[in-house]
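Trainee: Below you'll find query-v9.cif; it's mmCIF, C-alpha atoms.
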data_input
#
loop_
_atom_site.label_atom_id
_atom_site.label_comp_id
_atom_site.auth_asym_id
_atom_site.auth_seq_id
_atom_site.Cartn_x
_atom_site.Cartn_y
_atom_site.Cartn_z
CA MET P 1 -110.84 83.45 159.02
CA PHE P 2 -113.80 85.17 157.38
CA SER P 3 -114.74 88.75 158.09
CA ILE P 4 -117.92 89.63 159.80
CA GLN P 5 -119.48 90.93 156.59
CA ALA P 6 -118.65 87.69 154.75
CA ARG P 7 -120.16 85.59 157.49
CA GLN P 8 -123.31 87.72 157.49
CA LEU P 9 -123.56 87.42 153.70
CA PHE P 10 -123.02 83.63 153.87
CA GLY P 11 -125.64 83.31 156.60
CA GLY P 12 -128.12 85.21 154.48
CA PHE P 13 -127.66 82.88 151.51
CA VAL P 14 -127.83 79.57 153.47
CA LEU P 15 -131.55 79.59 154.19
CA PRO P 16 -132.68 80.41 150.63
CA VAL P 17 -130.27 77.81 149.23
CA LEU P 18 -131.60 75.09 151.56
CA VAL P 19 -135.18 76.02 150.63
CA LEU P 20 -134.35 75.76 146.93
CA VAL P 21 -132.61 72.40 147.44
CA ALA P 22 -135.62 71.08 149.33
CA VAL P 23 -137.99 72.24 146.58
CA ALA P 24 -135.71 70.67 143.97
CA ILE P 25 -135.70 67.36 145.81
CA VAL P 26 -139.49 67.41 146.02
CA LEU P 27 -139.81 68.15 142.32
CA LEU P 28 -137.24 65.46 141.51
CA GLY P 29 -139.22 62.98 143.56
CA GLN P 30 -142.35 63.79 141.64
CA ILE P 31 -140.63 63.56 138.27
CA TRP P 32 -138.42 60.47 139.04
CA PRO P 33 -139.93 58.49 141.92
CA GLN P 34 -137.30 55.72 141.92
CA GLY P 35 -134.39 58.11 142.06
CA PRO P 36 -134.48 59.16 145.73
CA GLU P 37 -135.02 55.56 146.79
CA ARG P 38 -131.97 54.40 144.84
CA VAL P 39 -129.90 57.23 146.19
CA ARG P 40 -130.98 56.41 149.70
CA LEU P 41 -130.07 52.74 149.25
CA VAL P 42 -126.66 53.63 147.84
CA VAL P 43 -126.03 55.96 150.76
CA LEU P 44 -127.11 53.32 153.27
CA GLU P 45 -124.92 50.69 151.58
CA GLY P 46 -121.95 52.97 151.78
CA MET P 47 -122.68 53.96 155.36
CA GLY P 48 -123.24 50.32 156.53
CA PRO P 49 -119.61 49.51 157.44
CA ILE P 50 -119.26 52.86 159.11
CA TYR P 51 -122.47 52.24 161.05
CA ARG P 52 -121.21 48.78 162.17
CA VAL P 53 -117.95 50.26 163.35
CA LEU P 54 -119.75 53.01 165.23
CA THR P 55 -122.17 50.55 166.90
CA TRP P 56 -119.51 47.88 167.75
CA PRO P 57 -118.84 49.23 171.28
CA GLU P 58 -122.54 49.20 172.08
CA ARG P 59 -122.89 45.61 170.84
CA GLU P 60 -119.92 44.44 172.88
CA VAL P 61 -121.25 46.16 175.97
CA GLN P 62 -124.62 44.43 175.50
CA ALA P 63 -122.89 41.04 175.06
CA TRP P 64 -120.80 41.54 178.19
CA ARG P 65 -123.91 42.58 180.07
CA GLY P 66 -125.70 39.38 178.99
CA GLN P 67 -122.73 37.24 180.03
CA LEU P 68 -122.50 38.94 183.40
CA GLN P 69 -126.23 38.47 183.93
CA GLY P 70 -125.90 34.79 182.96
CA LEU P 71 -123.03 34.35 185.43
CA ALA P 72 -125.11 35.97 188.16
CA ASN P 73 -128.05 33.70 187.36
CA LEU P 74 -125.73 30.68 187.24
CA GLN P 75 -124.29 31.56 190.63
CA ALA P 76 -127.77 31.90 192.11
CA GLU P 77 -128.82 28.57 190.55
CA ASN P 78 -125.66 26.94 191.88
CA THR P 79 -126.41 28.23 195.36
CA ARG P 80 -129.97 26.91 195.15
CA LEU P 81 -128.78 23.49 193.93
CA ARG P 82 -126.22 23.29 196.74
CA THR P 83 -128.94 24.01 199.28
CA GLU P 84 -131.18 21.33 197.77
CA ASN P 85 -128.24 18.92 197.62
CA THR P 86 -127.59 19.45 201.33
CA LYS P 87 -131.24 18.78 202.11
CA LEU P 88 -131.27 15.67 199.91
CA LEU P 89 -128.09 14.40 201.54
CA HIS P 90 -129.67 14.88 204.96
CA TRP P 91 -132.78 12.98 203.95
CA TYR P 92 -130.66 10.31 202.25
CA ASN P 93 -128.66 9.74 205.44
CA THR P 94 -131.91 9.63 207.40
CA ALA P 95 -133.39 7.10 204.96
CA VAL P 96 -130.24 4.94 205.06
CA THR P 97 -130.22 4.99 208.87
CA LEU P 98 -133.91 4.10 209.07
CA GLY P 99 -133.50 1.44 206.40
CA ALA P 100 -130.57 -0.16 208.23
CA GLU P 101 -132.45 -0.08 211.52
CA ASN P 102 -135.55 -1.49 209.84
CA ALA P 103 -133.54 -4.30 208.23
CA ARG P 104 -131.81 -5.05 211.55
CA LEU P 105 -135.10 -5.17 213.44
CA LYS P 106 -136.71 -7.28 210.71
CA GLY P 107 -133.76 -9.62 210.82
CA ILE P 108 -134.16 -9.99 214.55
CA LEU P 109 -137.91 -10.49 214.44
CA HIS P 110 -137.67 -12.99 211.58
CA TRP P 111 -134.72 -14.93 212.97
CA GLY P 112 -135.04 -18.57 212.01
CA ALA P 113 -135.83 -20.07 215.38
CA GLU P 114 -138.71 -22.18 216.54
CA VAL P 115 -141.94 -20.26 216.16
CA GLN P 116 -143.49 -21.59 219.35
CA THR P 117 -140.54 -20.50 221.51
CA ALA P 118 -141.18 -17.40 223.61
CA PHE P 119 -138.51 -14.71 223.62
CA VAL P 120 -137.79 -11.27 225.01
CA SER P 121 -135.95 -8.57 223.05
CA GLY P 122 -133.72 -6.27 225.07
CA GLN P 123 -131.14 -3.60 224.47
CA VAL P 124 -127.55 -3.92 225.63
CA ILE P 125 -126.94 -1.26 228.27
CA ARG P 126 -123.45 -2.21 229.38
CA GLU P 127 -120.53 -4.37 228.28
CA GLU P 128 -118.49 -6.10 230.97
CA ASP P 129 -115.19 -6.69 229.24
CA GLY P 130 -112.16 -7.58 231.28
CA PRO P 131 -109.23 -10.01 231.46
CA TYR P 132 -111.43 -12.73 232.97
CA LEU P 133 -114.96 -11.76 231.95
CA ARG P 134 -116.85 -11.44 228.70
CA ALA P 135 -120.46 -10.50 229.42
CA VAL P 136 -123.11 -7.88 228.69
CA LEU P 137 -126.05 -6.49 230.65
CA ILE P 138 -129.40 -6.47 228.85
CA ASP P 139 -132.43 -4.42 229.82
CA THR P 140 -135.39 -6.83 229.68
CA GLY P 141 -137.89 -4.84 231.73
CA THR P 142 -140.17 -6.83 233.99
CA GLN P 143 -139.84 -10.05 231.95
CA HIS P 144 -138.48 -12.95 233.97
CA LEU P 145 -135.74 -14.91 232.23
CA PRO P 146 -134.33 -18.10 233.74
CA PRO P 147 -130.58 -18.72 233.91
CA GLY P 148 -129.34 -20.69 230.94
CA ALA P 149 -131.62 -18.99 228.40
CA LEU P 150 -130.01 -18.43 225.01
CA GLY P 151 -129.39 -14.96 223.59
CA VAL P 152 -129.05 -14.30 219.86
CA ASP P 153 -128.67 -11.25 217.67
CA ALA P 154 -129.69 -10.93 214.03
CA ASN P 155 -126.94 -13.32 212.90
CA GLY P 156 -126.42 -16.01 215.50
CA LEU P 157 -125.78 -17.07 219.07
CA VAL P 158 -124.37 -14.50 221.48
CA GLY P 159 -124.35 -16.26 224.84
CA ARG P 160 -126.40 -17.62 227.73
CA VAL P 161 -128.02 -15.93 230.71
CA SER P 162 -125.85 -16.39 233.80
CA GLU P 163 -127.72 -14.12 236.23
CA ALA P 164 -131.21 -12.63 236.16
CA GLY P 165 -132.37 -9.57 238.07
CA PRO P 166 -135.64 -7.64 238.33
CA GLN P 167 -134.90 -5.40 235.34
CA VAL P 168 -131.68 -6.65 233.73
CA VAL P 169 -129.95 -9.94 233.00
CA ARG P 170 -126.27 -10.73 232.59
CA LEU P 171 -125.55 -12.57 229.37
CA LEU P 172 -122.32 -14.57 229.46
CA LEU P 173 -120.83 -14.41 225.98
CA VAL P 174 -119.72 -17.54 224.17
CA THR P 175 -116.14 -16.21 224.19
CA ASP P 176 -115.89 -16.20 227.99
CA THR P 177 -113.66 -18.83 229.60
CA ALA P 178 -116.61 -20.10 231.65
CA SER P 179 -118.71 -20.72 228.53
CA ARG P 180 -119.30 -24.37 227.61
CA LEU P 181 -121.81 -25.25 224.90
CA PRO P 182 -122.56 -28.57 223.20
CA VAL P 183 -122.57 -28.04 219.46
CA THR P 184 -123.12 -29.98 216.27
CA MET P 185 -121.35 -29.52 212.95
CA GLN P 186 -123.45 -29.63 209.81
CA PRO P 187 -123.72 -31.41 207.46
CA SER P 188 -121.42 -34.06 208.96
CA GLY P 189 -123.39 -34.18 212.25
CA THR P 190 -120.22 -34.35 214.38
CA ASP P 191 -120.78 -33.42 218.02
CA ALA P 192 -118.30 -31.36 220.03
CA MET P 193 -118.01 -28.92 222.91
CA MET P 194 -117.43 -25.24 222.16
CA VAL P 195 -115.21 -23.75 224.85
CA GLY P 196 -114.57 -20.03 225.25
CA ASP P 197 -111.05 -18.80 225.99
CA ASN P 198 -111.48 -14.99 226.08
CA THR P 199 -110.55 -14.74 222.40
CA PRO P 200 -112.85 -13.87 219.49
CA VAL P 201 -112.77 -17.50 218.28
CA PRO P 202 -113.96 -20.17 220.76
CA ARG P 203 -112.29 -23.57 220.51
CA LEU P 204 -113.84 -26.92 219.63
CA MET P 205 -113.01 -29.76 222.00
CA TYR P 206 -114.11 -33.32 222.85
CA PHE P 207 -115.04 -34.28 219.32
CA PRO P 208 -114.66 -37.84 218.00
CA GLN P 209 -111.17 -38.41 216.69
CA SER P 210 -112.57 -40.60 213.94
CA HIS P 211 -114.85 -37.77 212.73
CA PRO P 212 -113.05 -34.46 213.34
CA PRO P 213 -114.64 -31.16 212.29
CA GLN P 214 -114.15 -30.05 208.72
CA GLU P 215 -113.07 -26.59 207.59
CA GLY P 216 -116.06 -24.38 206.78
CA GLU P 217 -118.72 -26.58 208.39
CA ARG P 218 -121.70 -24.85 209.93
CA VAL P 219 -121.80 -24.93 213.74
CA GLU P 220 -125.13 -25.09 215.59
CA THR P 221 -126.23 -25.76 219.15
CA ARG P 222 -126.94 -29.39 219.95
CA ARG P 223 -130.42 -30.15 221.18
CA GLN P 224 -130.54 -31.56 224.67
CA SER P 225 -132.42 -31.07 227.90
CA GLY P 226 -132.49 -27.37 228.75
CA LEU P 227 -130.84 -26.25 225.49
CA MET P 228 -132.54 -25.41 222.24
CA GLY P 229 -130.95 -27.02 219.20
CA GLY P 230 -130.36 -25.67 215.74
CA VAL P 231 -129.33 -22.15 216.79
CA PRO P 232 -126.64 -20.95 214.33
CA ILE P 233 -123.30 -20.09 215.89
CA GLY P 234 -120.70 -19.83 213.14
CA HIS P 235 -118.34 -21.83 210.95
CA VAL P 236 -115.39 -24.10 211.64
CA HIS P 237 -111.91 -22.72 211.06
CA PHE P 238 -108.61 -24.38 211.91
CA LEU P 239 -106.17 -22.08 213.66
CA GLY P 240 -103.55 -24.77 213.24
CA PRO P 241 -103.25 -28.50 212.69
CA GLY P 242 -105.59 -30.19 215.16
CA HIS P 243 -106.84 -26.87 216.61
CA PRO P 244 -110.36 -26.23 215.31
CA ALA P 245 -112.16 -23.06 216.34
CA VAL P 246 -115.43 -21.32 215.54
CA LEU P 247 -115.71 -18.11 213.54
CA LEU P 248 -118.81 -16.55 215.07
CA ASP P 249 -121.64 -15.18 212.97
CA ALA P 250 -122.69 -12.76 215.72
CA ASP P 251 -120.91 -9.41 215.94
CA LEU P 252 -119.98 -9.38 219.62
CA ASP P 253 -118.12 -6.07 219.29
CA HIS P 254 -121.24 -4.14 218.25
CA LEU P 255 -124.13 -5.64 220.18
CA ASP P 256 -127.26 -3.50 220.37
CA ILE P 257 -130.47 -5.54 220.52
CA VAL P 258 -130.46 -9.17 221.66
CA ARG P 259 -133.27 -11.73 221.69
CA VAL P 260 -133.34 -13.94 224.75
CA PHE P 261 -135.44 -17.09 224.67
CA SER P 262 -137.36 -17.25 227.89
CA THR P 263 -138.15 -20.99 227.72
CA PRO P 264 -134.92 -22.93 227.49
CA GLN P 265 -136.51 -26.18 228.61
CA ILE P 266 -137.36 -27.78 225.29
CA PRO P 267 -138.74 -31.32 225.45
CA ASP P 268 -136.61 -33.83 223.58
CA PRO P 269 -138.25 -35.45 220.56
CA PRO P 270 -139.33 -39.05 220.80
CA PRO P 271 -136.68 -41.53 219.67
CA ALA P 272 -136.82 -42.71 216.11
CA GLU P 273 -138.33 -46.09 215.48
CA GLY P 274 -135.71 -48.79 215.88
CA ARG P 275 -133.09 -46.39 217.25
CA VAL P 276 -133.41 -47.63 220.86
CA ARG P 277 -134.23 -51.27 221.62
CA GLU P 278 -134.43 -52.29 225.21
CA ARG P 279 -134.67 -55.87 226.43
CA PRO P 280 -138.10 -56.57 227.86
CA PRO P 281 -138.06 -57.06 231.63
CA LEU P 282 -137.81 -60.60 232.96
CA HIS P 283 -140.47 -61.67 235.42
CA ALA P 284 -139.18 -63.36 238.56
CA THR P 285 -142.16 -65.71 238.55
CA ASP P 286 -141.07 -67.26 235.26
CA PRO P 287 -139.27 -70.46 236.19
CA GLN P 288 -137.53 -70.60 232.79
CA ALA P 289 -136.29 -67.06 232.96
CA GLU P 290 -132.56 -66.68 233.28
CA THR P 291 -131.00 -64.27 235.69
CA PRO P 292 -129.74 -61.30 233.68
CA SER P 293 -126.05 -60.67 233.78
CA VAL P 294 -124.48 -57.41 234.87
CA LEU P 295 -123.80 -56.51 231.24
CA HIS P 296 -127.46 -56.93 230.31
CA ALA P 297 -128.49 -54.89 233.35
CA LEU P 298 -126.34 -51.98 232.15
CA GLU P 299 -127.49 -52.15 228.54
CA LYS P 300 -130.68 -50.20 229.24
CA PHE P 301 -128.58 -47.19 230.23
CA MET P 302 -126.87 -47.25 226.85
CA PRO P 303 -129.57 -45.85 224.52
CA PHE P 304 -127.46 -46.02 221.36
CA THR P 305 -126.54 -49.71 221.85
CA LYS P 306 -128.67 -52.23 220.03
CA VAL P 307 -129.70 -55.21 222.16
CA GLU P 308 -130.85 -58.37 220.52
CA ASN P 309 -134.01 -59.77 222.07
#
How would this structure read if it were set down as structure tokens?
Mentor:
Amino acid sequence: MFSIQARQLFGGFVLPVLVLVAVAIVLLGQIWPQGPERVRLVVLEGMGPIYRVLTWPEREVQAWRGQLQGLANLQAENTRLRTENTKLLHWYNTAVTLGAENARLKGILHWGAEVQTAFVSGQVIREEDGPYLRAVLIDTGTQHLPPGALGVDANGLVGRVSEAGPQVVRLLLVTDTASRLPVTMQPSGTDAMMVGDNTPVPRLMYFPQSHPPQEGERVETRRQSGLMGGVPIGHVHFLGPGHPAVLLDADLDHLDIVRVFSTPQIPDPPPAEGRVRERPPLHATDPQAETPSVLHALEKFMPFTKVEN
């Protein structure tokens, strides 16, 4: 566009002109100190929007970078929390298992039986379940347990020992058809016989017709020679009119640890005062003594019959 001479001439004038402008600006600054500052502020104010537009891409890139870094940190934190959650879940399951086992063992050890009665705790090693048999095998170690000893779990009566070996015993469950247990209903005090029939609910039989069992009554073992009384069994439930049964407290489907009382022979308590009154024996040497009749001779075998002296 320009000739070579013109460009050379223009290049020769540029440097002197710039020097003069610089000297003029210095002199102007000395003469009017506020002038350059005002000019600079005006220029900056005018260049502000342009500067914001020019720096907008950089600001957006920095914001995106911060968001991406936050997402990366959030992902790492999420991974760490998931790992800790897995560990806490493992320890929670362990604590729940140990707590349940501790509660079960405490329930067994603190079962409300007679304190002076000796017992042996054993683990169920086999269940003998068939059409005609309801029994379990319990590992009792070297402890000797007599036949007829009662076995209970943490909730109630399970059965009685039918056979005893050197290391194990067979516990006949209360649901077996061969099971017969004298029981008492509370609070009415009605006596009956609990008979197993290979169903989960044993039947109640041979109870007084004048005092039948009541729905919901508590069922316990009746104290007699060779059988400990007061052992909880379950509650009365009528399967139909005139067909009472027992809903067992013990969980026979999930037996694990069973307590077996090794001393089933419990001495009967002395009779209450005035409960039994026997006629004093008549001496044959007494000439005024009358010969007792057959009825009076049999009255001493009837402990719940009052005899007037």
Trainee: Please work out which residues fall within 9 Å of (-125.9, -7.4, 232.1), coordinates as given in the file, with all atoms listed in the file counting, and return them as a ChimeraX atom specification.
Mentor: /P:124-128,135-139,161,163-164,168-172
Trainee: Find the spatial neighbours of Gln209 of chain P, counting only C-alpha atoms, within a cut-off of 12 Å - ignore same-chain residues fewer than 2 positions away - and output them as a PyMOL selection string.
Mentor: chain P and resi 190-192+205-207+211-214+242
Trainee: With the PyMOL selection byres ((chain P and resi 146) around 10) as the selection, what would be picked from this file? Answer as a list in words, please.
Mentor: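 Output of the PyMOL selection byres ((chain P and resi 146) around 10): Gln143, His144, Leu145, Pro147, Gly148, Ala149, Leu150, Arg160, Val161, Ser162, Glu163, Ala164, Gly165, Val169, Val260, Phe261, Ser262, Thr263, Pro264 and Gln265 of chain P.
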Trainee: Quick one, how far is atom CA of Thr79 of chain P from atom CA of Ala63 of chain P?
Mentor: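 Calculated distance between atom CA of Thr79 of chain P and atom CA of Ala63 of chain P is 24.3 Å.
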Trainee: What is the atom CA of Gly122 of chain P to atom CA of Arg218 of chain P distance in Å?
Mentor: 26.8 Å
Trainee: Rounded to one decimal place, report the atom CA of Leu173 of chain P-atom CA of Leu252 of chain P distance in Å.
Mentor: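 Here the two named atoms are 8.2 Å from each other.
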Trainee: Kindly extract all protein, DNA and RNA residues lying within 6 Å of the coordinates (-121.2, -17.3, 222.6) given in the file, considering only C-alpha atoms, and supply them as JSON, numbers by chain.
Mentor: {"P": [157, 158, 159, 173, 174, 175]}
Trainee: With all atoms listed in the file as the basis for distance, which of P:Pro208, P:Leu181, P:Asp197, P:Leu18 is at the shortest distance from Leu227 of chain P?
Mentor: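 For Leu227 of chain P, the nearest of the given residues is P:Leu181.
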Trainee: Which is closer to Gly216 of chain P than all the others in P:Val120, P:Leu15, P:Leu54, P:Leu248, using all atoms listed in the file?
Mentor: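 Closest candidate: P:Leu248.
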Trainee: Would you please work out which residue, of P:Val17, P:Met228, P:Ala245, P:Leu105, is nearest to Met194 of chain P when using all atoms listed in the file?
Mentor: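 Counting all atoms listed in the file, the residue closest to Met194 of chain P is P:Ala245.
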Trainee: Name the residues in contact with His237 of chain P at a cut-off of 7 Å, using only C-alpha atoms, excluding same-chain residues fewer than 2 positions from it; report them as a list in words.
Mentor: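 Those residues are Glu215, Gly216, His235, Leu239, Pro244, Ala245, Val246 and Leu247 of chain P.
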